[in-house]
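Structure file data-v4.txt (compact mmCIF, N, CA and C atoms) follows.
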```txt
# COMPACT_ATOMS: atom_id res chain seq x y z
N MET A 734 -1.79 0.99 -0.43
CA MET A 734 -1.09 0.03 -1.26
C MET A 734 -0.88 0.58 -2.68
N ILE A 735 -1.88 1.30 -3.23
CA ILE A 735 -1.77 1.81 -4.60
C ILE A 735 -0.60 2.80 -4.69
N GLY A 736 -0.47 3.67 -3.69
CA GLY A 736 0.62 4.65 -3.70
C GLY A 736 1.98 3.99 -3.69
N THR A 737 2.15 2.97 -2.87
CA THR A 737 3.41 2.23 -2.79
C THR A 737 3.70 1.53 -4.11
N LEU A 738 2.68 0.92 -4.68
CA LEU A 738 2.85 0.22 -5.95
C LEU A 738 3.15 1.20 -7.08
N THR A 739 2.51 2.37 -7.06
CA THR A 739 2.79 3.40 -8.07
C THR A 739 4.25 3.82 -8.00
N ARG A 740 4.76 4.06 -6.80
CA ARG A 740 6.17 4.46 -6.64
C ARG A 740 7.11 3.34 -7.11
N ARG A 741 6.74 2.09 -6.86
CA ARG A 741 7.56 0.96 -7.31
C ARG A 741 7.62 0.91 -8.83
N ILE A 742 6.47 1.10 -9.48
CA ILE A 742 6.41 1.11 -10.94
C ILE A 742 7.24 2.27 -11.48
N GLN A 743 7.10 3.45 -10.86
CA GLN A 743 7.86 4.62 -11.31
C GLN A 743 9.36 4.40 -11.17
N ALA A 744 9.78 3.75 -10.09
CA ALA A 744 11.21 3.49 -9.88
C ALA A 744 11.73 2.44 -10.87
N THR A 745 10.94 1.40 -11.11
CA THR A 745 11.35 0.30 -11.98
C THR A 745 11.35 0.69 -13.46
N CYS A 746 10.38 1.49 -13.86
CA CYS A 746 10.20 1.82 -15.29
C CYS A 746 10.35 3.31 -15.57
N ALA A 747 11.17 4.00 -14.81
CA ALA A 747 11.27 5.47 -14.90
C ALA A 747 11.53 5.97 -16.32
N ASP A 748 12.51 5.41 -16.99
CA ASP A 748 12.86 5.89 -18.33
C ASP A 748 11.74 5.64 -19.33
N GLU A 749 11.14 4.44 -19.28
CA GLU A 749 10.06 4.11 -20.21
C GLU A 749 8.82 4.96 -19.95
N LEU A 750 8.52 5.20 -18.67
CA LEU A 750 7.37 6.05 -18.33
C LEU A 750 7.60 7.49 -18.78
N SER A 751 8.82 7.97 -18.63
CA SER A 751 9.15 9.32 -19.06
C SER A 751 8.97 9.47 -20.57
N LEU A 752 9.45 8.49 -21.33
CA LEU A 752 9.29 8.50 -22.78
C LEU A 752 7.81 8.44 -23.16
N LEU A 753 7.06 7.55 -22.53
CA LEU A 753 5.63 7.42 -22.83
C LEU A 753 4.90 8.73 -22.53
N ARG A 754 5.22 9.36 -21.41
CA ARG A 754 4.60 10.64 -21.05
C ARG A 754 4.90 11.71 -22.09
N ARG A 755 6.15 11.80 -22.52
CA ARG A 755 6.52 12.79 -23.53
C ARG A 755 5.75 12.54 -24.83
N GLN A 756 5.65 11.28 -25.22
CA GLN A 756 4.90 10.94 -26.43
C GLN A 756 3.42 11.28 -26.26
N MET A 757 2.87 10.99 -25.09
CA MET A 757 1.46 11.26 -24.83
C MET A 757 1.18 12.76 -24.89
N TYR A 758 2.01 13.57 -24.24
CA TYR A 758 1.81 15.01 -24.25
C TYR A 758 2.01 15.58 -25.65
N SER A 759 2.92 14.99 -26.40
CA SER A 759 3.13 15.42 -27.78
C SER A 759 1.88 15.16 -28.62
N LEU A 760 1.24 14.01 -28.39
CA LEU A 760 0.01 13.70 -29.11
C LEU A 760 -1.07 14.75 -28.82
N ALA A 761 -1.10 15.21 -27.61
CA ALA A 761 -2.14 16.17 -27.22
C ALA A 761 -2.00 17.49 -27.97
N TRP A 762 -0.81 17.78 -28.46
CA TRP A 762 -0.59 19.03 -29.20
C TRP A 762 -0.82 18.89 -30.69
N GLN A 763 -1.10 17.67 -31.16
CA GLN A 763 -1.34 17.45 -32.59
C GLN A 763 -2.64 18.12 -33.01
N GLU A 764 -2.92 18.08 -34.28
CA GLU A 764 -4.13 18.70 -34.84
C GLU A 764 -5.35 17.83 -34.56
N ILE A 765 -5.68 17.66 -33.30
CA ILE A 765 -6.84 16.86 -32.92
C ILE A 765 -7.98 17.83 -32.65
N ARG A 766 -8.63 18.21 -33.71
CA ARG A 766 -9.75 19.16 -33.63
C ARG A 766 -10.56 19.03 -34.91
N GLU A 767 -11.55 19.84 -35.05
CA GLU A 767 -12.39 19.80 -36.25
C GLU A 767 -11.51 19.93 -37.49
N GLY A 768 -11.66 18.98 -38.40
CA GLY A 768 -10.88 19.00 -39.63
C GLY A 768 -9.52 18.34 -39.50
N GLY A 769 -9.10 18.03 -38.27
CA GLY A 769 -7.83 17.35 -38.05
C GLY A 769 -8.05 15.86 -37.84
N VAL A 770 -7.10 15.20 -37.24
CA VAL A 770 -7.26 13.77 -36.97
C VAL A 770 -8.23 13.57 -35.81
N GLU A 771 -8.86 12.41 -35.78
CA GLU A 771 -9.82 12.09 -34.72
C GLU A 771 -9.13 11.78 -33.40
N GLY A 772 -7.96 11.19 -33.48
CA GLY A 772 -7.23 10.82 -32.28
C GLY A 772 -5.91 10.18 -32.64
N ALA A 773 -5.11 9.91 -31.63
CA ALA A 773 -3.80 9.29 -31.83
C ALA A 773 -3.46 8.49 -30.58
N ALA A 774 -2.55 7.55 -30.71
CA ALA A 774 -2.21 6.69 -29.58
C ALA A 774 -0.72 6.39 -29.55
N THR A 775 -0.24 6.06 -28.38
CA THR A 775 1.12 5.58 -28.18
C THR A 775 1.08 4.51 -27.09
N ALA A 776 2.04 3.62 -27.09
CA ALA A 776 2.01 2.50 -26.14
C ALA A 776 3.38 2.22 -25.57
N MET A 777 3.38 1.58 -24.44
CA MET A 777 4.60 1.13 -23.77
C MET A 777 4.71 -0.38 -24.01
N ALA A 778 5.90 -0.90 -24.10
CA ALA A 778 6.09 -2.34 -24.28
C ALA A 778 5.46 -3.11 -23.12
N ARG A 779 4.95 -4.28 -23.40
CA ARG A 779 4.32 -5.13 -22.38
C ARG A 779 5.29 -5.40 -21.24
N LYS A 780 4.78 -5.32 -20.02
CA LYS A 780 5.57 -5.52 -18.81
C LYS A 780 4.97 -6.62 -17.96
N PRO A 781 5.78 -7.30 -17.16
CA PRO A 781 5.20 -8.25 -16.22
C PRO A 781 4.55 -7.51 -15.06
N SER A 782 3.53 -8.11 -14.50
CA SER A 782 2.87 -7.53 -13.33
C SER A 782 3.87 -7.40 -12.20
N CYS A 783 3.73 -6.35 -11.41
CA CYS A 783 4.60 -6.15 -10.24
C CYS A 783 4.13 -6.97 -9.04
N VAL A 784 2.89 -7.45 -9.09
CA VAL A 784 2.29 -8.11 -7.93
C VAL A 784 1.96 -9.58 -8.19
N THR A 785 1.40 -9.88 -9.35
CA THR A 785 0.90 -11.22 -9.61
C THR A 785 1.73 -11.92 -10.68
N HIS A 786 2.39 -13.00 -10.30
CA HIS A 786 3.15 -13.81 -11.25
C HIS A 786 2.19 -14.38 -12.29
N GLY A 787 2.59 -14.38 -13.55
CA GLY A 787 1.75 -14.94 -14.60
C GLY A 787 0.75 -13.96 -15.16
N VAL A 788 1.01 -12.66 -14.98
CA VAL A 788 0.15 -11.62 -15.54
C VAL A 788 1.05 -10.60 -16.24
N SER A 789 0.63 -10.16 -17.44
CA SER A 789 1.35 -9.13 -18.18
C SER A 789 0.49 -7.88 -18.25
N VAL A 790 1.16 -6.73 -18.35
CA VAL A 790 0.46 -5.44 -18.37
C VAL A 790 0.83 -4.69 -19.65
N ASN A 791 -0.19 -4.21 -20.35
CA ASN A 791 -0.01 -3.32 -21.52
C ASN A 791 -0.61 -1.97 -21.17
N VAL A 792 0.10 -0.90 -21.51
CA VAL A 792 -0.39 0.46 -21.27
C VAL A 792 -0.43 1.19 -22.61
N VAL A 793 -1.59 1.76 -22.91
CA VAL A 793 -1.78 2.53 -24.14
C VAL A 793 -2.35 3.89 -23.74
N CYS A 794 -1.82 4.96 -24.33
CA CYS A 794 -2.31 6.31 -24.08
C CYS A 794 -2.93 6.85 -25.36
N PHE A 795 -4.07 7.52 -25.20
CA PHE A 795 -4.81 8.07 -26.33
C PHE A 795 -4.98 9.56 -26.17
N ALA A 796 -4.88 10.25 -27.25
CA ALA A 796 -5.27 11.66 -27.30
C ALA A 796 -6.44 11.72 -28.27
N GLN A 797 -7.50 12.38 -27.86
CA GLN A 797 -8.69 12.46 -28.69
C GLN A 797 -9.24 13.87 -28.67
N ARG A 798 -10.08 14.16 -29.63
CA ARG A 798 -10.73 15.45 -29.65
C ARG A 798 -11.60 15.55 -28.41
N ALA A 799 -11.40 16.57 -27.61
CA ALA A 799 -12.14 16.73 -26.36
C ALA A 799 -13.59 17.13 -26.64
N THR A 800 -14.49 16.54 -25.85
CA THR A 800 -15.89 16.94 -25.86
C THR A 800 -16.26 17.27 -24.43
N LEU A 801 -17.48 17.64 -24.21
CA LEU A 801 -17.90 17.99 -22.85
C LEU A 801 -17.76 16.82 -21.89
N GLU A 802 -18.04 15.60 -22.36
CA GLU A 802 -17.98 14.46 -21.44
C GLU A 802 -16.68 13.67 -21.51
N ASP A 803 -15.83 13.92 -22.49
CA ASP A 803 -14.59 13.17 -22.63
C ASP A 803 -13.37 14.06 -22.39
N ALA A 804 -12.38 13.49 -21.74
CA ALA A 804 -11.11 14.18 -21.54
C ALA A 804 -10.25 13.98 -22.78
N PRO A 805 -9.36 14.91 -23.09
CA PRO A 805 -8.53 14.76 -24.29
C PRO A 805 -7.47 13.67 -24.17
N LEU A 806 -7.03 13.34 -22.95
CA LEU A 806 -6.02 12.30 -22.76
C LEU A 806 -6.61 11.14 -21.97
N MET A 807 -6.44 9.93 -22.51
CA MET A 807 -6.95 8.72 -21.89
C MET A 807 -5.81 7.70 -21.76
N ILE A 808 -5.91 6.87 -20.74
CA ILE A 808 -4.96 5.78 -20.53
C ILE A 808 -5.76 4.49 -20.42
N SER A 809 -5.33 3.46 -21.14
CA SER A 809 -5.93 2.14 -20.99
C SER A 809 -4.84 1.20 -20.48
N VAL A 810 -5.18 0.44 -19.45
CA VAL A 810 -4.26 -0.53 -18.88
C VAL A 810 -4.90 -1.91 -19.03
N ALA A 811 -4.26 -2.77 -19.81
CA ALA A 811 -4.75 -4.13 -20.02
C ALA A 811 -3.89 -5.09 -19.21
N MET A 812 -4.56 -5.93 -18.44
CA MET A 812 -3.86 -6.96 -17.66
C MET A 812 -4.25 -8.31 -18.25
N HIS A 813 -3.24 -9.03 -18.77
CA HIS A 813 -3.45 -10.30 -19.46
C HIS A 813 -2.99 -11.46 -18.60
N LEU A 814 -3.84 -12.45 -18.45
CA LEU A 814 -3.50 -13.66 -17.70
C LEU A 814 -2.73 -14.62 -18.60
N HIS A 815 -1.66 -15.17 -18.08
CA HIS A 815 -0.94 -16.21 -18.81
C HIS A 815 -1.72 -17.51 -18.64
N PRO A 816 -1.54 -18.47 -19.54
CA PRO A 816 -2.24 -19.75 -19.41
C PRO A 816 -2.01 -20.38 -18.02
N GLY A 817 -3.07 -20.88 -17.44
CA GLY A 817 -2.98 -21.52 -16.13
C GLY A 817 -3.22 -20.58 -14.96
N ARG A 818 -3.23 -19.27 -15.19
CA ARG A 818 -3.46 -18.28 -14.13
C ARG A 818 -4.95 -18.07 -13.98
N ARG A 819 -5.43 -18.05 -12.74
CA ARG A 819 -6.87 -17.85 -12.48
C ARG A 819 -7.15 -16.39 -12.16
N SER A 820 -8.28 -15.93 -12.62
CA SER A 820 -8.69 -14.53 -12.46
C SER A 820 -8.82 -14.11 -11.00
N ASP A 821 -9.28 -15.01 -10.15
CA ASP A 821 -9.49 -14.66 -8.74
C ASP A 821 -8.18 -14.54 -7.96
N GLU A 822 -7.06 -14.85 -8.58
CA GLU A 822 -5.75 -14.73 -7.93
C GLU A 822 -5.03 -13.44 -8.30
N VAL A 823 -5.66 -12.58 -9.10
CA VAL A 823 -5.01 -11.38 -9.62
C VAL A 823 -5.39 -10.16 -8.80
N TYR A 824 -4.41 -9.32 -8.52
CA TYR A 824 -4.65 -8.04 -7.85
C TYR A 824 -4.93 -7.02 -8.95
N TRP A 825 -6.21 -6.89 -9.33
CA TRP A 825 -6.62 -6.05 -10.45
C TRP A 825 -6.37 -4.57 -10.19
N GLU A 826 -6.33 -4.16 -8.94
CA GLU A 826 -6.10 -2.75 -8.61
C GLU A 826 -4.73 -2.27 -9.06
N GLU A 827 -3.86 -3.19 -9.45
CA GLU A 827 -2.56 -2.80 -9.99
C GLU A 827 -2.72 -1.89 -11.21
N ALA A 828 -3.81 -2.06 -11.94
CA ALA A 828 -4.06 -1.20 -13.10
C ALA A 828 -4.14 0.26 -12.68
N ASP A 829 -4.74 0.53 -11.51
CA ASP A 829 -4.81 1.90 -11.00
C ASP A 829 -3.41 2.47 -10.77
N ALA A 830 -2.53 1.65 -10.24
CA ALA A 830 -1.16 2.09 -9.97
C ALA A 830 -0.42 2.38 -11.27
N TRP A 831 -0.63 1.57 -12.31
CA TRP A 831 0.00 1.83 -13.60
C TRP A 831 -0.49 3.15 -14.18
N ALA A 832 -1.79 3.40 -14.10
CA ALA A 832 -2.34 4.66 -14.62
C ALA A 832 -1.77 5.85 -13.85
N GLN A 833 -1.67 5.73 -12.53
CA GLN A 833 -1.08 6.81 -11.72
C GLN A 833 0.38 7.01 -12.09
N ALA A 834 1.10 5.92 -12.32
CA ALA A 834 2.52 6.02 -12.68
C ALA A 834 2.70 6.70 -14.03
N VAL A 835 1.81 6.41 -14.98
CA VAL A 835 1.89 7.05 -16.29
C VAL A 835 1.60 8.54 -16.15
N ALA A 836 0.56 8.89 -15.41
CA ALA A 836 0.21 10.31 -15.22
C ALA A 836 1.38 11.04 -14.59
N GLY A 837 1.93 10.45 -13.56
CA GLY A 837 3.16 10.91 -12.95
C GLY A 837 3.28 12.33 -12.47
N HIS A 838 2.58 13.24 -13.04
CA HIS A 838 2.79 14.65 -12.73
C HIS A 838 1.76 15.12 -11.72
N GLU A 839 2.16 15.99 -10.87
CA GLU A 839 1.29 16.51 -9.82
C GLU A 839 0.08 17.27 -10.35
N ARG A 840 0.17 17.80 -11.57
CA ARG A 840 -0.95 18.63 -12.02
C ARG A 840 -2.06 17.85 -12.72
N PHE A 841 -1.91 16.52 -12.82
CA PHE A 841 -2.95 15.71 -13.45
C PHE A 841 -3.61 14.77 -12.45
N ARG A 842 -4.90 14.57 -12.65
CA ARG A 842 -5.68 13.65 -11.83
C ARG A 842 -6.11 12.50 -12.75
N VAL A 843 -6.06 11.28 -12.23
CA VAL A 843 -6.48 10.11 -12.98
C VAL A 843 -7.88 9.74 -12.50
N GLU A 844 -8.80 9.67 -13.45
CA GLU A 844 -10.19 9.31 -13.14
C GLU A 844 -10.54 8.00 -13.83
N ALA A 845 -10.98 7.01 -13.05
CA ALA A 845 -11.39 5.73 -13.63
C ALA A 845 -12.62 5.95 -14.51
N ARG A 846 -12.61 5.35 -15.69
CA ARG A 846 -13.72 5.50 -16.63
C ARG A 846 -14.29 4.15 -17.05
N GLY A 847 -14.10 3.15 -16.23
CA GLY A 847 -14.68 1.84 -16.54
C GLY A 847 -13.67 0.86 -17.09
N GLY A 848 -14.17 -0.27 -17.49
CA GLY A 848 -13.31 -1.30 -18.02
C GLY A 848 -14.15 -2.45 -18.57
N LEU A 849 -13.47 -3.49 -18.99
CA LEU A 849 -14.19 -4.64 -19.50
C LEU A 849 -13.37 -5.90 -19.34
N GLU A 850 -14.10 -7.02 -19.30
CA GLU A 850 -13.47 -8.35 -19.25
C GLU A 850 -13.07 -8.73 -20.66
N THR A 851 -11.94 -9.39 -20.80
CA THR A 851 -11.53 -9.95 -22.07
C THR A 851 -11.36 -11.45 -21.89
N LEU A 852 -11.06 -12.14 -22.96
CA LEU A 852 -10.88 -13.59 -22.86
C LEU A 852 -9.71 -13.96 -21.96
N ASP A 853 -8.69 -13.09 -21.91
CA ASP A 853 -7.50 -13.42 -21.13
C ASP A 853 -7.19 -12.39 -20.04
N GLY A 854 -8.19 -11.64 -19.58
CA GLY A 854 -7.93 -10.67 -18.52
C GLY A 854 -8.95 -9.55 -18.47
N ARG A 855 -8.46 -8.34 -18.21
CA ARG A 855 -9.32 -7.17 -18.10
C ARG A 855 -8.60 -5.94 -18.66
N VAL A 856 -9.39 -4.98 -19.14
CA VAL A 856 -8.86 -3.71 -19.62
C VAL A 856 -9.55 -2.61 -18.83
N PHE A 857 -8.76 -1.69 -18.29
CA PHE A 857 -9.27 -0.59 -17.48
C PHE A 857 -8.97 0.72 -18.21
N HIS A 858 -9.94 1.65 -18.17
CA HIS A 858 -9.79 2.93 -18.86
C HIS A 858 -9.78 4.07 -17.85
N TYR A 859 -8.93 5.07 -18.12
CA TYR A 859 -8.77 6.22 -17.22
C TYR A 859 -8.68 7.49 -18.06
N ALA A 860 -9.21 8.57 -17.50
CA ALA A 860 -9.08 9.89 -18.12
C ALA A 860 -8.07 10.68 -17.32
N LEU A 861 -7.26 11.47 -18.01
CA LEU A 861 -6.34 12.39 -17.35
C LEU A 861 -6.96 13.77 -17.42
N THR A 862 -7.17 14.36 -16.28
CA THR A 862 -7.71 15.71 -16.25
C THR A 862 -6.77 16.59 -15.44
N GLU A 863 -6.70 17.83 -15.86
CA GLU A 863 -5.82 18.77 -15.16
C GLU A 863 -6.47 19.19 -13.86
N LYS A 864 -5.68 19.17 -12.80
CA LYS A 864 -6.16 19.63 -11.50
C LYS A 864 -6.26 21.14 -11.52
N ALA A 865 -7.24 21.65 -10.81
CA ALA A 865 -7.35 23.11 -10.66
C ALA A 865 -6.17 23.57 -9.81
N PRO A 866 -5.58 24.71 -10.12
CA PRO A 866 -4.47 25.19 -9.31
C PRO A 866 -4.94 25.42 -7.87
N GLU A 867 -4.08 25.00 -6.96
CA GLU A 867 -4.42 25.17 -5.55
C GLU A 867 -4.35 26.63 -5.17
N ALA A 868 -5.31 27.03 -4.37
CA ALA A 868 -5.32 28.42 -3.89
C ALA A 868 -4.23 28.57 -2.84
N ARG A 869 -3.46 29.60 -2.98
CA ARG A 869 -2.40 29.85 -2.00
C ARG A 869 -2.94 30.70 -0.87
N ALA A 870 -2.52 30.38 0.30
CA ALA A 870 -2.93 31.17 1.45
C ALA A 870 -2.17 32.50 1.42
N VAL A 871 -2.90 33.59 1.45
CA VAL A 871 -2.30 34.90 1.42
C VAL A 871 -2.37 35.45 2.84
N PRO A 872 -1.20 35.76 3.41
CA PRO A 872 -1.21 36.28 4.77
C PRO A 872 -1.91 37.65 4.82
N LEU A 873 -2.70 37.79 5.82
CA LEU A 873 -3.38 39.07 6.01
C LEU A 873 -2.43 40.07 6.65
N ALA A 874 -2.42 41.26 6.12
CA ALA A 874 -1.55 42.30 6.67
C ALA A 874 -2.42 43.19 7.57
N TRP A 875 -2.00 43.36 8.78
CA TRP A 875 -2.72 44.23 9.70
C TRP A 875 -2.28 45.66 9.47
N PRO A 876 -3.24 46.58 9.46
CA PRO A 876 -2.83 47.99 9.28
C PRO A 876 -1.94 48.44 10.42
N SER A 877 -0.95 49.23 10.09
CA SER A 877 -0.07 49.69 11.16
C SER A 877 -0.45 51.05 11.66
```

So, in terms of structure tokens, how does the structure I just supplied come out?
Amino acid sequence: MIGTLTRRIQATCADELSLLRRQMYSLAWQEIREGGVEGAATAMARKPSCVTHGVSVNVVCFAQRATLEDAPLMISVAMHLHPGRRSDEVYWEEADAWAQAVAGHERFRVEARGGLETLDGRVFHYALTEKAPEARAVPLAWPS
């Protein structure tokens, strides 16, 4: 279901996701290191949930100084309940699909890093990490 929902988000918000990705990657190249800025952020305009009526989604991307335990690029997906919407009626896993849609590129992996309850919903945090290049199968040549 997450894969299908990710593709739906990518198809519906392709231009906005592309712009957000470009901004996010641009942030990663800023002077985020010792003596530079601590971090930077960019966000996408609030969107309605693709699955649950009465829920809005906010996506924020962060670039931060990398440490051993933290990735330099983070995504936070906030799902806000509209008045009258009950928490038990929400498909919270939609946040995973939004994070996957933002990552969008084959060379990045999205890793869940926790979340928290808010007064009007939940916020989920994800790290973007680069995938190791896949080893290519090299055909063995038999001596002639």

Need to verify the contact set: Met812 in chain A, 6 Å, only N, CA and C atoms, exclusion of same-chain residues closer than 2 positions in sequence. Can you return it as an mmCIF file with N, CA and C atoms, keeping the file's coordinate frame?
```cif
data_model
loop_
_atom_site.group_PDB
_atom_site.id
_atom_site.type_symbol
_atom_site.label_atom_id
_atom_site.label_comp_id
_atom_site.auth_asym_id
_atom_site.auth_seq_id
_atom_site.Cartn_x
_atom_site.Cartn_y
_atom_site.Cartn_z
ATOM 1 N N SER A 789 0.630 -10.160 -17.440
ATOM 2 C CA SER A 789 1.350 -9.130 -18.180
ATOM 3 C C SER A 789 0.490 -7.880 -18.250
ATOM 4 N N VAL A 790 1.160 -6.730 -18.350
ATOM 5 C CA VAL A 790 0.460 -5.440 -18.370
ATOM 6 C C VAL A 790 0.830 -4.690 -19.650
ATOM 7 N N ASN A 791 -0.190 -4.210 -20.350
ATOM 8 C CA ASN A 791 -0.010 -3.320 -21.520
ATOM 9 C C ASN A 791 -0.610 -1.970 -21.170
ATOM 10 N N VAL A 810 -5.180 0.440 -19.450
ATOM 11 C CA VAL A 810 -4.260 -0.530 -18.880
ATOM 12 C C VAL A 810 -4.900 -1.910 -19.030
ATOM 13 N N LEU A 814 -3.840 -12.450 -18.450
ATOM 14 C CA LEU A 814 -3.500 -13.660 -17.700
ATOM 15 C C LEU A 814 -2.730 -14.620 -18.600
ATOM 16 N N ASP A 853 -8.690 -13.090 -21.910
ATOM 17 C CA ASP A 853 -7.500 -13.420 -21.130
ATOM 18 C C ASP A 853 -7.190 -12.390 -20.040
ATOM 19 N N GLY A 854 -8.190 -11.640 -19.580
ATOM 20 C CA GLY A 854 -7.930 -10.670 -18.520
ATOM 21 C C GLY A 854 -8.950 -9.550 -18.470
ATOM 22 N N ARG A 855 -8.460 -8.340 -18.210
ATOM 23 C CA ARG A 855 -9.320 -7.170 -18.100
ATOM 24 C C ARG A 855 -8.600 -5.940 -18.660
ATOM 25 N N VAL A 856 -9.390 -4.980 -19.140
ATOM 26 C CA VAL A 856 -8.860 -3.710 -19.620
ATOM 27 C C VAL A 856 -9.550 -2.610 -18.830
ATOM 28 N N PHE A 857 -8.760 -1.690 -18.290
ATOM 29 C CA PHE A 857 -9.270 -0.590 -17.480
ATOM 30 C C PHE A 857 -8.970 0.720 -18.210
#
```

**Asked** Which distance in Å separates CA of Pro816 in chain A and CA of Ala776 in chain A, to one decimal?
**Response** 23.6 Å

**Request:** Report as a PyMOL selection string: the residues of range 797-859 of chain A with a DSSP assignment of alpha helix (DSSP H), based on the backbone of this structure.
**Result:** chain A and resi 827-836

Could you save those same residues with N, CA and C atoms as a PDB file, in the frame of the given file?
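Resulting contents of part18.pdb:
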```
ATOM      1  N   GLU A 827      -3.860  -3.190  -9.450  1.00  0.00           N
ATOM      2  CA  GLU A 827      -2.560  -2.800  -9.990  1.00  0.00           C
ATOM      3  C   GLU A 827      -2.720  -1.890 -11.210  1.00  0.00           C
ATOM      4  N   ALA A 828      -3.810  -2.060 -11.940  1.00  0.00           N
ATOM      5  CA  ALA A 828      -4.060  -1.200 -13.100  1.00  0.00           C
ATOM      6  C   ALA A 828      -4.140   0.260 -12.680  1.00  0.00           C
ATOM      7  N   ASP A 829      -4.740   0.530 -11.510  1.00  0.00           N
ATOM      8  CA  ASP A 829      -4.810   1.900 -11.000  1.00  0.00           C
ATOM      9  C   ASP A 829      -3.410   2.470 -10.770  1.00  0.00           C
ATOM     10  N   ALA A 830      -2.530   1.650 -10.240  1.00  0.00           N
ATOM     11  CA  ALA A 830      -1.160   2.090  -9.970  1.00  0.00           C
ATOM     12  C   ALA A 830      -0.420   2.380 -11.270  1.00  0.00           C
ATOM     13  N   TRP A 831      -0.630   1.570 -12.310  1.00  0.00           N
ATOM     14  CA  TRP A 831       0.000   1.830 -13.600  1.00  0.00           C
ATOM     15  C   TRP A 831      -0.490   3.150 -14.180  1.00  0.00           C
ATOM     16  N   ALA A 832      -1.790   3.400 -14.100  1.00  0.00           N
ATOM     17  CA  ALA A 832      -2.340   4.660 -14.620  1.00  0.00           C
ATOM     18  C   ALA A 832      -1.770   5.850 -13.850  1.00  0.00           C
ATOM     19  N   GLN A 833      -1.670   5.730 -12.530  1.00  0.00           N
ATOM     20  CA  GLN A 833      -1.080   6.810 -11.720  1.00  0.00           C
ATOM     21  C   GLN A 833       0.380   7.010 -12.090  1.00  0.00           C
ATOM     22  N   ALA A 834       1.100   5.920 -12.320  1.00  0.00           N
ATOM     23  CA  ALA A 834       2.520   6.020 -12.680  1.00  0.00           C
ATOM     24  C   ALA A 834       2.700   6.700 -14.030  1.00  0.00           C
ATOM     25  N   VAL A 835       1.810   6.410 -14.980  1.00  0.00           N
ATOM     26  CA  VAL A 835       1.890   7.050 -16.290  1.00  0.00           C
ATOM     27  C   VAL A 835       1.600   8.540 -16.150  1.00  0.00           C
ATOM     28  N   ALA A 836       0.560   8.890 -15.410  1.00  0.00           N
ATOM     29  CA  ALA A 836       0.210  10.310 -15.220  1.00  0.00           C
ATOM     30  C   ALA A 836       1.380  11.040 -14.590  1.00  0.00           C
TER      31      ALA A 836
END
```

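Between atom C of Glu850 in chain A and CA of Trp825 in chain A lies a distance of 12.4 Å.
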
**Request:** Grab the atom N of Ser820 in chain A to atom N of Phe795 in chain A distance for me, in Å with one decimal place.
**Result:**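 Between atom N of Ser820 in chain A and atom N of Phe795 in chain A the gap is 26.9 Å.
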
**Message:** Please list as a list in words every residue within 8 Å of Thr739 in chain A, counting only C-alpha atoms and excluding residues in the same chain fewer than 2 positions away.
**Reply:** Ile735, Gly736, Thr737, Arg741, Ile742, Gln743, Ala830, Trp831, Gln833 and Ala834 of chain A

**Which residue of A:Met734, A:Ala832, A:Ala744, A:Ile808 approaches Thr775 in chain A most closely, using only C-alpha atoms** =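 Closest residue, counting only C-alpha atoms: A:Ile808.
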
**Message:** From (2.9, -11.7, -5.6), in the file's coordinates, out to 12 Å: which residues are reached, counting only C-alpha atoms? Answer as a VMD selection string.
**Reply:** chain A and resid 738 781 to 788 822 to 824 827

Residues from the last selection, N, CA and C atoms, saved as an mmCIF file, in the frame of the given file:
```cif
data_model
loop_
_atom_site.group_PDB
_atom_site.id
_atom_site.type_symbol
_atom_site.label_atom_id
_atom_site.label_comp_id
_atom_site.auth_asym_id
_atom_site.auth_seq_id
_atom_site.Cartn_x
_atom_site.Cartn_y
_atom_site.Cartn_z
ATOM 1 N N LEU A 738 2.680 0.920 -4.680
ATOM 2 C CA LEU A 738 2.850 0.220 -5.950
ATOM 3 C C LEU A 738 3.150 1.200 -7.080
ATOM 4 N N PRO A 781 5.780 -7.300 -17.160
ATOM 5 C CA PRO A 781 5.200 -8.250 -16.220
ATOM 6 C C PRO A 781 4.550 -7.510 -15.060
ATOM 7 N N SER A 782 3.530 -8.110 -14.500
ATOM 8 C CA SER A 782 2.870 -7.530 -13.330
ATOM 9 C C SER A 782 3.870 -7.400 -12.200
ATOM 10 N N CYS A 783 3.730 -6.350 -11.410
ATOM 11 C CA CYS A 783 4.600 -6.150 -10.240
ATOM 12 C C CYS A 783 4.130 -6.970 -9.040
ATOM 13 N N VAL A 784 2.890 -7.450 -9.090
ATOM 14 C CA VAL A 784 2.290 -8.110 -7.930
ATOM 15 C C VAL A 784 1.960 -9.580 -8.190
ATOM 16 N N THR A 785 1.400 -9.880 -9.350
ATOM 17 C CA THR A 785 0.900 -11.220 -9.610
ATOM 18 C C THR A 785 1.730 -11.920 -10.680
ATOM 19 N N HIS A 786 2.390 -13.000 -10.300
ATOM 20 C CA HIS A 786 3.150 -13.810 -11.250
ATOM 21 C C HIS A 786 2.190 -14.380 -12.290
ATOM 22 N N GLY A 787 2.590 -14.380 -13.550
ATOM 23 C CA GLY A 787 1.750 -14.940 -14.600
ATOM 24 C C GLY A 787 0.750 -13.960 -15.160
ATOM 25 N N VAL A 788 1.010 -12.660 -14.980
ATOM 26 C CA VAL A 788 0.150 -11.620 -15.540
ATOM 27 C C VAL A 788 1.050 -10.600 -16.240
ATOM 28 N N GLU A 822 -7.060 -14.850 -8.580
ATOM 29 C CA GLU A 822 -5.750 -14.730 -7.930
ATOM 30 C C GLU A 822 -5.030 -13.440 -8.300
ATOM 31 N N VAL A 823 -5.660 -12.580 -9.100
ATOM 32 C CA VAL A 823 -5.010 -11.380 -9.620
ATOM 33 C C VAL A 823 -5.390 -10.160 -8.800
ATOM 34 N N TYR A 824 -4.410 -9.320 -8.520
ATOM 35 C CA TYR A 824 -4.650 -8.040 -7.850
ATOM 36 C C TYR A 824 -4.930 -7.020 -8.950
ATOM 37 N N GLU A 827 -3.860 -3.190 -9.450
ATOM 38 C CA GLU A 827 -2.560 -2.800 -9.990
ATOM 39 C C GLU A 827 -2.720 -1.890 -11.210
#
```
